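Undergrad: Quick one: structure below, then a few questions.
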Amino acid sequence: MSDTKTKKKRKEKPPIEEPLLAPGHRACSGCGESLGAKLVMDAAGPNTYATCCTGCLEVFSTPYPESAWKMPWIHSLFENSSAVAAGIEAALIAQGRDKDVNIIAMGGDGGTADIGIGCLSGMLERGHNILYVCFDNEAYMNTGVQRSGLTPFDARTSTSPPGKRSWGNKTTKKNLPGIAGAHGIPYVATATVGYPNDLINKVKKALKIQGPKYMQVHVPCPLGWIHPTDQTIEIAKLAVLTGLIPIYEMEYGEVTRVRKIGKNRRPVEDYLKPQGRFRHLFAKGAEAEEELEKIRQIAEDNIKKFGLA
Amino acid sequence: MARPRPAGYVAEPGSSKANKTGSWRTEKPVFLHDTCTDCRICVLVCPDGIIFGADSIYDADFDFCKGCGICAAECPVDDIEMAPEVR
Ligand SMILES: Cc1ncc(C[n+]2csc(CCOP(=O)(O)OP(=O)(O)O)c2C)c(N)n1
Ligand code: SF4
Ligand code: SF4
Ligand SMILES: [Mg+2]
């Protein structure tokens with residue numbers, strides 16, 4: 001098309017293609033996990049085999065008899081997407097078809113950090129040429145928002161309800177990227193749908209590296225976190241800017257790059273207040289100052305540990 | 001002997017498109033086509049990947065748009081507005 005409207009000559013942009021995760025899937029309106037999966041798969045391209053743990057991503061993308069995926073994709077059990085991916089790699093090698101293809105194993109935070117951690121560790125230990133992507137929405141969303149090892153401190157879930165004797169989830173997020181890195185694998189990265197281009201670049205970078213790779217992608221869930229559907233990106237950004245979700249890369253267990261926050265740092269309240277799962281911390285007469293101070297300390301520790309300032 | 005059948009189910013790629021999620025919508029994005037700078041951020045952030053177009057003229061595929069409002073919230077020049085869906 002000619003540039004009659006604008007005088008300045010623009011670089012011609014390629015036509016927009018339908019994503020490899022086709023529409024029609026049943027993810028909630030504004031679902032961060034569906035956005036994350038769309039970005040990951042389009043970054044990887046159609047020459048990709050994917051496996052998926054049980055969870056929202058699996059359930060919303062493959063309601064019988066349909067599938068939203070436009071590349072080979074398989075679901076087996078809740079915990080074993082990394083083991084199934086290892087089997088796919090072995091089969092492709094045996095058939096001499098393992099060149100120029102990507103293998104991506106996916107799972108939610110529950111499927112990855114809790115029930116699937118054994119299979120994941122085996123996959124990382126055995127050195128398979130696979131990218132594992134954990135979509136971290138910080139609870140077991142598909143079964144009704146139960147807490148997981150990646151649920152943040154003081155969050156309300158259906159199994160960590162705040163009340164007279166509790167402020168919500170008692171534990172802090174398990175350091176799963178650190179655990180993955182401790183396997184001495186060539187690449188670990190955290191990313192977020194709040195910064196989609198960074199996420200895309202990290203997927204492309206990971207897929208060029210031979211061996212096991214682990215990525216953890218922070219994905220807001222409007223249903224479980226209780227926030228308006230249009231705030232998914234904004235809330236994901238605030239998680240980073242408050243220091244609560246550090247964005248970094250690791251090579252062979254060492255942190256090699258971080259996304260600095262610097263002067264853009266925001267108080268943790270800016271992230272917590274818009275989410276219903278933290279509402280009890282701001283309720284009238286809640287006297288939650290001590291709890292908020294603990295959350296500020298978590299952010300402070302991240303900023304110090306990763307040099308985010 | 002009959003070949004063993006796979007124990008699972010094999011679906012057609014992209015067959016989810018039979019399900020028109022546009023019926024969920026209570027609000028709809030209105031693309032004003034006024035201040036658009038052709039940045040395509042809306043295309044990037046739409047979770048359902050259903051914003052199409054070219055040269056600063058973009059629009060949602062309303063067969064599928066769930067009306068989440070992310071495109072309108074993220075448009076850096078406020079060229080997308082949410083309006084109530086009327087059927
Ligand atoms: C062995 C086994 N235990 C429990 C379940 C029930 N189950 C299905 S999905 C799910 C939660 C998944 O949570 P997560 O991995 O965080 O993914 P999300 O739905 O949050 O994306 C559970 C508990 C199951 N399918 N299999
Ligand atoms: S419950 Fe959360 S993760 Fe699951 S589809 Fe809905 S928004 Fe996405
Ligand atoms: S409202 Fe949501 S689903 Fe509809 S076009 Fe915008 S981002 Fe996509
Ligand atoms: Mg989850």
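Following the order of the structure tokens, first chain is A, next is B, and so on, with residues numbered from 1 inside each chain and ligands from 1 in the order they appear.
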From a backbone DSSP assignment, name each residue in stretch 6-231 of chain A labelled strand (DSSP E or B), as number ranges by chain.
TA: A: 21, 48-52, 69, 73-75, 102-108, 131-136, 140, 146, 157, 160, 163, 166, 187-192, 213-218
Undergrad: Please write out the residues within 8 Å of ligand 3 as a list of chain:residue names, counting only C-alpha atoms and all ligand atoms.
TA: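 Protein and nucleic-acid residues within 8 Å of ligand 3: A:Ser29, A:Gly30, A:Asp230, B:Glu27, B:Lys28, B:Pro29, B:Cys42, B:Val43, B:Val45, B:Cys46, B:Pro47, B:Asp48, B:Gly49, B:Ile50, B:Ile51, B:Asp59, B:Ala60, B:Asp61, B:Phe62, B:Phe64, B:Cys65, B:Lys66, B:Gly67, B:Cys68, B:Gly69, B:Ile70, B:Cys71, B:Ala72, B:Met82.
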Undergrad: Go ahead and dump the residues you just picked, N, CA, C and O atoms, as an mmCIF file, in the first residue's frame.
TA:
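Output file result-v1.cif follows:
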```
data_model
loop_
_atom_site.group_PDB
_atom_site.id
_atom_site.type_symbol
_atom_site.label_atom_id
_atom_site.label_comp_id
_atom_site.auth_asym_id
_atom_site.auth_seq_id
_atom_site.Cartn_x
_atom_site.Cartn_y
_atom_site.Cartn_z
ATOM 1 N N SER A 29 -11.668 -13.873 29.854
ATOM 2 C CA SER A 29 -11.379 -12.573 29.269
ATOM 3 C C SER A 29 -10.220 -11.924 30.043
ATOM 4 O O SER A 29 -10.244 -11.867 31.264
ATOM 5 N N GLY A 30 -9.193 -11.491 29.317
ATOM 6 C CA GLY A 30 -8.049 -10.826 29.958
ATOM 7 C C GLY A 30 -7.042 -11.767 30.594
ATOM 8 O O GLY A 30 -6.159 -11.323 31.331
ATOM 9 N N ASP A 230 -8.927 -5.539 32.114
ATOM 10 C CA ASP A 230 -8.051 -4.710 31.267
ATOM 11 C C ASP A 230 -6.739 -4.343 31.968
ATOM 12 O O ASP A 230 -5.893 -3.687 31.377
ATOM 13 N N GLU B 27 -18.514 -5.475 26.779
ATOM 14 C CA GLU B 27 -18.012 -4.197 26.277
ATOM 15 C C GLU B 27 -17.244 -4.480 25.006
ATOM 16 O O GLU B 27 -16.724 -5.585 24.834
ATOM 17 N N LYS B 28 -17.134 -3.493 24.136
ATOM 18 C CA LYS B 28 -16.372 -3.725 22.902
ATOM 19 C C LYS B 28 -15.377 -2.599 22.658
ATOM 20 O O LYS B 28 -15.646 -1.440 22.984
ATOM 21 N N PRO B 29 -14.217 -2.934 22.088
ATOM 22 C CA PRO B 29 -13.254 -1.877 21.763
ATOM 23 C C PRO B 29 -13.668 -1.166 20.479
ATOM 24 O O PRO B 29 -14.070 -1.801 19.513
ATOM 25 N N CYS B 42 -1.397 -3.003 20.333
ATOM 26 C CA CYS B 42 -2.685 -3.682 20.556
ATOM 27 C C CYS B 42 -2.647 -5.111 20.011
ATOM 28 O O CYS B 42 -3.145 -6.048 20.637
ATOM 29 N N VAL B 43 -2.030 -5.260 18.848
ATOM 30 C CA VAL B 43 -1.920 -6.587 18.207
ATOM 31 C C VAL B 43 -1.113 -7.521 19.100
ATOM 32 O O VAL B 43 -1.462 -8.683 19.305
ATOM 33 N N VAL B 45 -0.586 -7.331 22.426
ATOM 34 C CA VAL B 45 -1.092 -7.632 23.772
ATOM 35 C C VAL B 45 -2.491 -8.260 23.808
ATOM 36 O O VAL B 45 -2.941 -8.689 24.858
ATOM 37 N N CYS B 46 -3.187 -8.332 22.684
ATOM 38 C CA CYS B 46 -4.509 -8.968 22.702
ATOM 39 C C CYS B 46 -4.315 -10.452 23.012
ATOM 40 O O CYS B 46 -3.700 -11.186 22.236
ATOM 41 N N PRO B 47 -4.839 -10.937 24.154
ATOM 42 C CA PRO B 47 -4.592 -12.331 24.537
ATOM 43 C C PRO B 47 -5.128 -13.328 23.512
ATOM 44 O O PRO B 47 -4.621 -14.437 23.392
ATOM 45 N N ASP B 48 -6.161 -12.924 22.781
ATOM 46 C CA ASP B 48 -6.777 -13.849 21.840
ATOM 47 C C ASP B 48 -6.240 -13.689 20.424
ATOM 48 O O ASP B 48 -6.616 -14.460 19.530
ATOM 49 N N GLY B 49 -5.366 -12.720 20.228
ATOM 50 C CA GLY B 49 -4.690 -12.570 18.930
ATOM 51 C C GLY B 49 -5.653 -12.312 17.791
ATOM 52 O O GLY B 49 -5.536 -12.896 16.720
ATOM 53 N N ILE B 50 -6.625 -11.409 18.021
ATOM 54 C CA ILE B 50 -7.668 -11.250 16.999
ATOM 55 C C ILE B 50 -7.785 -9.800 16.527
ATOM 56 O O ILE B 50 -8.848 -9.379 16.066
ATOM 57 N N ILE B 51 -6.680 -9.040 16.646
ATOM 58 C CA ILE B 51 -6.670 -7.696 16.063
ATOM 59 C C ILE B 51 -5.892 -7.760 14.751
ATOM 60 O O ILE B 51 -4.759 -8.230 14.712
ATOM 61 N N ASP B 59 -8.562 -3.310 13.571
ATOM 62 C CA ASP B 59 -9.874 -3.583 14.159
ATOM 63 C C ASP B 59 -9.869 -5.009 14.727
ATOM 64 O O ASP B 59 -9.062 -5.841 14.316
ATOM 65 N N ALA B 60 -10.782 -5.252 15.661
ATOM 66 C CA ALA B 60 -10.880 -6.581 16.267
ATOM 67 C C ALA B 60 -11.784 -7.472 15.435
ATOM 68 O O ALA B 60 -12.687 -6.992 14.753
ATOM 69 N N ASP B 61 -11.537 -8.775 15.488
ATOM 70 C CA ASP B 61 -12.457 -9.747 14.904
ATOM 71 C C ASP B 61 -13.526 -10.024 15.962
ATOM 72 O O ASP B 61 -13.275 -10.728 16.944
ATOM 73 N N PHE B 62 -14.712 -9.448 15.748
ATOM 74 C CA PHE B 62 -15.743 -9.505 16.788
ATOM 75 C C PHE B 62 -16.414 -10.868 16.917
ATOM 76 O O PHE B 62 -17.232 -11.078 17.803
ATOM 77 N N PHE B 64 -14.652 -13.206 17.876
ATOM 78 C CA PHE B 64 -13.876 -13.778 18.979
ATOM 79 C C PHE B 64 -13.568 -12.803 20.119
ATOM 80 O O PHE B 64 -13.266 -13.245 21.226
ATOM 81 N N CYS B 65 -13.579 -11.495 19.863
ATOM 82 C CA CYS B 65 -13.195 -10.518 20.893
ATOM 83 C C CYS B 65 -14.016 -10.721 22.153
ATOM 84 O O CYS B 65 -15.242 -10.740 22.112
ATOM 85 N N LYS B 66 -13.307 -10.913 23.303
ATOM 86 C CA LYS B 66 -13.983 -11.141 24.574
ATOM 87 C C LYS B 66 -14.253 -9.838 25.330
ATOM 88 O O LYS B 66 -14.813 -9.861 26.419
ATOM 89 N N GLY B 67 -13.779 -8.719 24.774
ATOM 90 C CA GLY B 67 -14.040 -7.420 25.395
ATOM 91 C C GLY B 67 -13.258 -7.168 26.661
ATOM 92 O O GLY B 67 -13.701 -6.412 27.530
ATOM 93 N N CYS B 68 -12.072 -7.759 26.759
ATOM 94 C CA CYS B 68 -11.287 -7.614 27.995
ATOM 95 C C CYS B 68 -10.819 -6.183 28.220
ATOM 96 O O CYS B 68 -10.634 -5.757 29.357
ATOM 97 N N GLY B 69 -10.575 -5.432 27.148
ATOM 98 C CA GLY B 69 -10.164 -4.030 27.283
ATOM 99 C C GLY B 69 -8.659 -3.821 27.382
ATOM 100 O O GLY B 69 -8.205 -2.690 27.572
ATOM 101 N N ILE B 70 -7.876 -4.888 27.260
ATOM 102 C CA ILE B 70 -6.422 -4.737 27.363
ATOM 103 C C ILE B 70 -5.901 -3.847 26.234
ATOM 104 O O ILE B 70 -5.062 -2.973 26.448
ATOM 105 N N CYS B 71 -6.425 -4.028 25.012
ATOM 106 C CA CYS B 71 -5.959 -3.221 23.879
ATOM 107 C C CYS B 71 -6.171 -1.737 24.162
ATOM 108 O O CYS B 71 -5.277 -0.919 23.933
ATOM 109 N N ALA B 72 -7.354 -1.384 24.698
ATOM 110 C CA ALA B 72 -7.653 0.022 24.986
ATOM 111 C C ALA B 72 -6.771 0.546 26.116
ATOM 112 O O ALA B 72 -6.276 1.669 26.067
ATOM 113 N N MET B 82 -13.336 1.780 24.989
ATOM 114 C CA MET B 82 -14.290 0.706 25.268
ATOM 115 C C MET B 82 -15.695 1.307 25.329
ATOM 116 O O MET B 82 -15.912 2.380 25.906
#
```
Undergrad: So which one's closest to ligand 4, A:Gly36, A:Pro220, A:Pro212, A:Gly118? Using only C-alpha atoms and all ligand atoms, please.
TA: A:Pro220
Undergrad: Kindly compile the residues surrounding ligand 4 within 6 Å, counting only C-alpha atoms and all ligand atoms, and format them as a CSV table (one decimal) with N, CA, C and O atoms, in the first residue's frame.
TA:
```csv
chain,number,residue,atom,x,y,z
A,108,GLY,N,1.7,-24.9,34.4
A,108,GLY,CA,1.4,-23.9,35.3
A,108,GLY,C,2.4,-23.9,36.5
A,108,GLY,O,3.3,-24.8,36.6
A,109,ASP,N,2.2,-23.0,37.5
A,109,ASP,CA,3.1,-23.0,38.6
A,109,ASP,C,2.9,-24.2,39.5
A,109,ASP,O,3.8,-24.8,40.0
A,110,GLY,N,1.6,-24.7,39.6
A,110,GLY,CA,1.4,-25.9,40.4
A,110,GLY,C,2.0,-27.1,39.7
A,110,GLY,O,2.8,-27.9,40.3
A,136,ASP,N,3.5,-18.7,35.4
A,136,ASP,CA,3.3,-18.6,36.9
A,136,ASP,C,2.1,-17.6,37.2
A,136,ASP,O,2.3,-16.4,37.2
A,137,ASN,N,0.9,-18.1,37.4
A,137,ASN,CA,-0.2,-17.3,37.9
A,137,ASN,C,-0.4,-17.5,39.4
A,137,ASN,O,-1.4,-17.0,39.9
A,138,GLU,N,0.6,-18.0,40.0
A,138,GLU,CA,0.7,-18.0,41.5
A,138,GLU,C,-0.4,-18.7,42.3
A,138,GLU,O,-0.7,-18.4,43.4
A,139,ALA,N,-1.1,-19.7,41.6
A,139,ALA,CA,-2.0,-20.6,42.4
A,139,ALA,C,-2.5,-21.6,41.4
A,139,ALA,O,-2.2,-21.5,40.2
A,140,TYR,N,-3.2,-22.6,41.9
A,140,TYR,CA,-3.8,-23.7,41.1
A,140,TYR,C,-5.1,-23.1,40.6
A,140,TYR,O,-6.2,-23.2,41.3
A,141,MET,N,-5.1,-22.4,39.5
A,141,MET,CA,-6.3,-21.6,39.1
A,141,MET,C,-7.4,-22.6,38.5
A,141,MET,O,-8.6,-22.4,38.8
```
Undergrad: May I ask you to extract the residues of chain A within 7 Å of chain B, using only C-alpha atoms, and to give them as a count of residues only?
TA: 22
Undergrad: Give me the residues of chain A that have any atom at most 10 Å from an atom of ligand 1; for each, the nearest atom pair and the distance in Å, rounded to one decimal. Use only C-alpha atoms and all ligand atoms, sort by chain and number, and format it as JSON lines.
TA:
```
{"residue": "A:Gly32", "atom": "CA", "partner": "ligand 1", "partner_atom_place_in_ligand_line": "21 (O)", "distance": 9.8}
{"residue": "A:Glu33", "atom": "CA", "partner": "ligand 1", "partner_atom_place_in_ligand_line": "21 (O)", "distance": 7.0}
{"residue": "A:Ser34", "atom": "CA", "partner": "ligand 1", "partner_atom_place_in_ligand_line": "21 (O)", "distance": 9.3}
{"residue": "A:Cys52", "atom": "CA", "partner": "ligand 1", "partner_atom_place_in_ligand_line": "15 (O)", "distance": 9.9}
{"residue": "A:Cys53", "atom": "CA", "partner": "ligand 1", "partner_atom_place_in_ligand_line": "15 (O)", "distance": 7.0}
{"residue": "A:Thr54", "atom": "CA", "partner": "ligand 1", "partner_atom_place_in_ligand_line": "9 (S)", "distance": 4.9}
{"residue": "A:Gly55", "atom": "CA", "partner": "ligand 1", "partner_atom_place_in_ligand_line": "19 (O)", "distance": 3.6}
{"residue": "A:Cys56", "atom": "CA", "partner": "ligand 1", "partner_atom_place_in_ligand_line": "19 (O)", "distance": 3.7}
{"residue": "A:Leu57", "atom": "CA", "partner": "ligand 1", "partner_atom_place_in_ligand_line": "21 (O)", "distance": 5.6}
{"residue": "A:Glu58", "atom": "CA", "partner": "ligand 1", "partner_atom_place_in_ligand_line": "21 (O)", "distance": 8.0}
{"residue": "A:Val59", "atom": "CA", "partner": "ligand 1", "partner_atom_place_in_ligand_line": "9 (S)", "distance": 8.0}
{"residue": "A:Phe60", "atom": "CA", "partner": "ligand 1", "partner_atom_place_in_ligand_line": "19 (O)", "distance": 9.4}
{"residue": "A:Ser76", "atom": "CA", "partner": "ligand 1", "partner_atom_place_in_ligand_line": "25 (N)", "distance": 9.8}
{"residue": "A:Leu77", "atom": "CA", "partner": "ligand 1", "partner_atom_place_in_ligand_line": "26 (N)", "distance": 6.4}
{"residue": "A:Phe78", "atom": "CA", "partner": "ligand 1", "partner_atom_place_in_ligand_line": "26 (N)", "distance": 4.7}
{"residue": "A:Glu79", "atom": "CA", "partner": "ligand 1", "partner_atom_place_in_ligand_line": "1 (C)", "distance": 6.8}
{"residue": "A:Asn80", "atom": "CA", "partner": "ligand 1", "partner_atom_place_in_ligand_line": "1 (C)", "distance": 9.6}
{"residue": "A:Met106", "atom": "CA", "partner": "ligand 1", "partner_atom_place_in_ligand_line": "15 (O)", "distance": 9.6}
{"residue": "A:Gly107", "atom": "CA", "partner": "ligand 1", "partner_atom_place_in_ligand_line": "15 (O)", "distance": 5.9}
{"residue": "A:Gly108", "atom": "CA", "partner": "ligand 1", "partner_atom_place_in_ligand_line": "15 (O)", "distance": 3.5}
{"residue": "A:Asp109", "atom": "CA", "partner": "ligand 1", "partner_atom_place_in_ligand_line": "16 (O)", "distance": 4.1}
{"residue": "A:Gly110", "atom": "CA", "partner": "ligand 1", "partner_atom_place_in_ligand_line": "15 (O)", "distance": 3.4}
{"residue": "A:Gly111", "atom": "CA", "partner": "ligand 1", "partner_atom_place_in_ligand_line": "15 (O)", "distance": 3.7}
{"residue": "A:Thr112", "atom": "CA", "partner": "ligand 1", "partner_atom_place_in_ligand_line": "15 (O)", "distance": 6.4}
{"residue": "A:Ala113", "atom": "CA", "partner": "ligand 1", "partner_atom_place_in_ligand_line": "15 (O)", "distance": 8.2}
{"residue": "A:Asp114", "atom": "CA", "partner": "ligand 1", "partner_atom_place_in_ligand_line": "15 (O)", "distance": 8.3}
{"residue": "A:Ile115", "atom": "CA", "partner": "ligand 1", "partner_atom_place_in_ligand_line": "1 (C)", "distance": 7.7}
{"residue": "A:Gly116", "atom": "CA", "partner": "ligand 1", "partner_atom_place_in_ligand_line": "15 (O)", "distance": 8.7}
{"residue": "A:Cys134", "atom": "CA", "partner": "ligand 1", "partner_atom_place_in_ligand_line": "15 (O)", "distance": 8.6}
{"residue": "A:Phe135", "atom": "CA", "partner": "ligand 1", "partner_atom_place_in_ligand_line": "21 (O)", "distance": 6.8}
{"residue": "A:Asp136", "atom": "CA", "partner": "ligand 1", "partner_atom_place_in_ligand_line": "16 (O)", "distance": 6.9}
{"residue": "A:Asn137", "atom": "CA", "partner": "ligand 1", "partner_atom_place_in_ligand_line": "20 (O)", "distance": 5.7}
{"residue": "A:Glu138", "atom": "CA", "partner": "ligand 1", "partner_atom_place_in_ligand_line": "16 (O)", "distance": 6.6}
{"residue": "A:Ala139", "atom": "CA", "partner": "ligand 1", "partner_atom_place_in_ligand_line": "16 (O)", "distance": 5.0}
{"residue": "A:Tyr140", "atom": "CA", "partner": "ligand 1", "partner_atom_place_in_ligand_line": "13 (O)", "distance": 3.4}
{"residue": "A:Met141", "atom": "CA", "partner": "ligand 1", "partner_atom_place_in_ligand_line": "20 (O)", "distance": 3.7}
{"residue": "A:Asn142", "atom": "CA", "partner": "ligand 1", "partner_atom_place_in_ligand_line": "19 (O)", "distance": 3.7}
{"residue": "A:Thr143", "atom": "CA", "partner": "ligand 1", "partner_atom_place_in_ligand_line": "10 (C)", "distance": 5.2}
{"residue": "A:Gly144", "atom": "CA", "partner": "ligand 1", "partner_atom_place_in_ligand_line": "11 (C)", "distance": 7.9}
{"residue": "A:Val145", "atom": "CA", "partner": "ligand 1", "partner_atom_place_in_ligand_line": "20 (O)", "distance": 7.4}
{"residue": "A:Gln146", "atom": "CA", "partner": "ligand 1", "partner_atom_place_in_ligand_line": "11 (C)", "distance": 7.9}
{"residue": "A:Arg147", "atom": "CA", "partner": "ligand 1", "partner_atom_place_in_ligand_line": "16 (O)", "distance": 8.5}
{"residue": "A:Ser148", "atom": "CA", "partner": "ligand 1", "partner_atom_place_in_ligand_line": "16 (O)", "distance": 6.9}
{"residue": "A:Gly149", "atom": "CA", "partner": "ligand 1", "partner_atom_place_in_ligand_line": "16 (O)", "distance": 9.3}
{"residue": "A:Leu150", "atom": "CA", "partner": "ligand 1", "partner_atom_place_in_ligand_line": "16 (O)", "distance": 8.6}
{"residue": "A:Thr151", "atom": "CA", "partner": "ligand 1", "partner_atom_place_in_ligand_line": "16 (O)", "distance": 9.4}
{"residue": "A:Val219", "atom": "CA", "partner": "ligand 1", "partner_atom_place_in_ligand_line": "21 (O)", "distance": 9.3}
{"residue": "A:Cys221", "atom": "CA", "partner": "ligand 1", "partner_atom_place_in_ligand_line": "20 (O)", "distance": 8.4}
{"residue": "A:Gly224", "atom": "CA", "partner": "ligand 1", "partner_atom_place_in_ligand_line": "20 (O)", "distance": 8.8}
```
Undergrad: Since we have the selection now, will you write its residues out, keeping C-alpha atoms, as a compact mmCIF listing (two decimals), in the first residue's frame?
TA:
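File written: out00.txt
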```
# COMPACT_ATOMS: atom_id res chain seq x y z
CA GLY A 32 -2.49 -13.41 31.28
CA GLU A 33 -1.66 -17.08 30.79
CA SER A 34 -3.31 -17.17 27.35
CA CYS A 52 1.49 -29.29 28.38
CA CYS A 53 0.71 -30.12 32.02
CA THR A 54 -2.87 -30.27 33.20
CA GLY A 55 -4.13 -26.83 34.16
CA CYS A 56 -5.95 -23.82 32.74
CA LEU A 57 -3.73 -23.67 29.63
CA GLU A 58 -4.50 -27.28 28.77
CA VAL A 59 -8.19 -27.12 29.65
CA PHE A 60 -9.02 -23.84 27.91
CA SER A 76 -0.67 -36.40 29.18
CA LEU A 77 -0.78 -35.83 32.95
CA PHE A 78 -0.64 -32.99 35.47
CA GLU A 79 3.01 -33.52 36.38
CA ASN A 80 4.77 -35.00 33.36
CA MET A 106 4.79 -26.08 29.40
CA GLY A 107 3.06 -26.07 32.74
CA GLY A 108 1.43 -23.86 35.35
CA ASP A 109 3.10 -23.00 38.65
CA GLY A 110 1.39 -25.94 40.38
CA GLY A 111 2.31 -28.38 37.61
CA THR A 112 5.90 -27.10 37.63
CA ALA A 113 6.91 -26.04 41.13
CA ASP A 114 4.96 -28.65 43.08
CA ILE A 115 3.73 -31.86 41.48
CA GLY A 116 5.99 -31.75 38.39
CA CYS A 134 6.34 -22.29 33.55
CA PHE A 135 3.34 -19.95 33.36
CA ASP A 136 3.27 -18.56 36.88
CA ASN A 137 -0.18 -17.29 37.87
CA GLU A 138 0.70 -17.99 41.48
CA ALA A 139 -1.97 -20.59 42.35
CA TYR A 140 -3.82 -23.67 41.11
CA MET A 141 -6.30 -21.64 39.08
CA ASN A 142 -8.00 -24.34 37.08
CA THR A 143 -9.32 -26.13 40.17
CA GLY A 144 -10.40 -22.97 42.02
CA VAL A 145 -7.40 -20.95 43.20
CA GLN A 146 -5.61 -23.21 45.69
CA ARG A 147 -2.17 -22.06 46.90
CA SER A 148 0.99 -23.44 45.31
CA GLY A 149 4.71 -23.20 46.07
CA LEU A 150 4.75 -20.05 43.93
CA THR A 151 1.87 -18.24 45.68
CA VAL A 219 1.06 -14.11 34.16
CA CYS A 221 -5.03 -14.13 36.39
CA GLY A 224 -7.76 -15.62 40.90
```
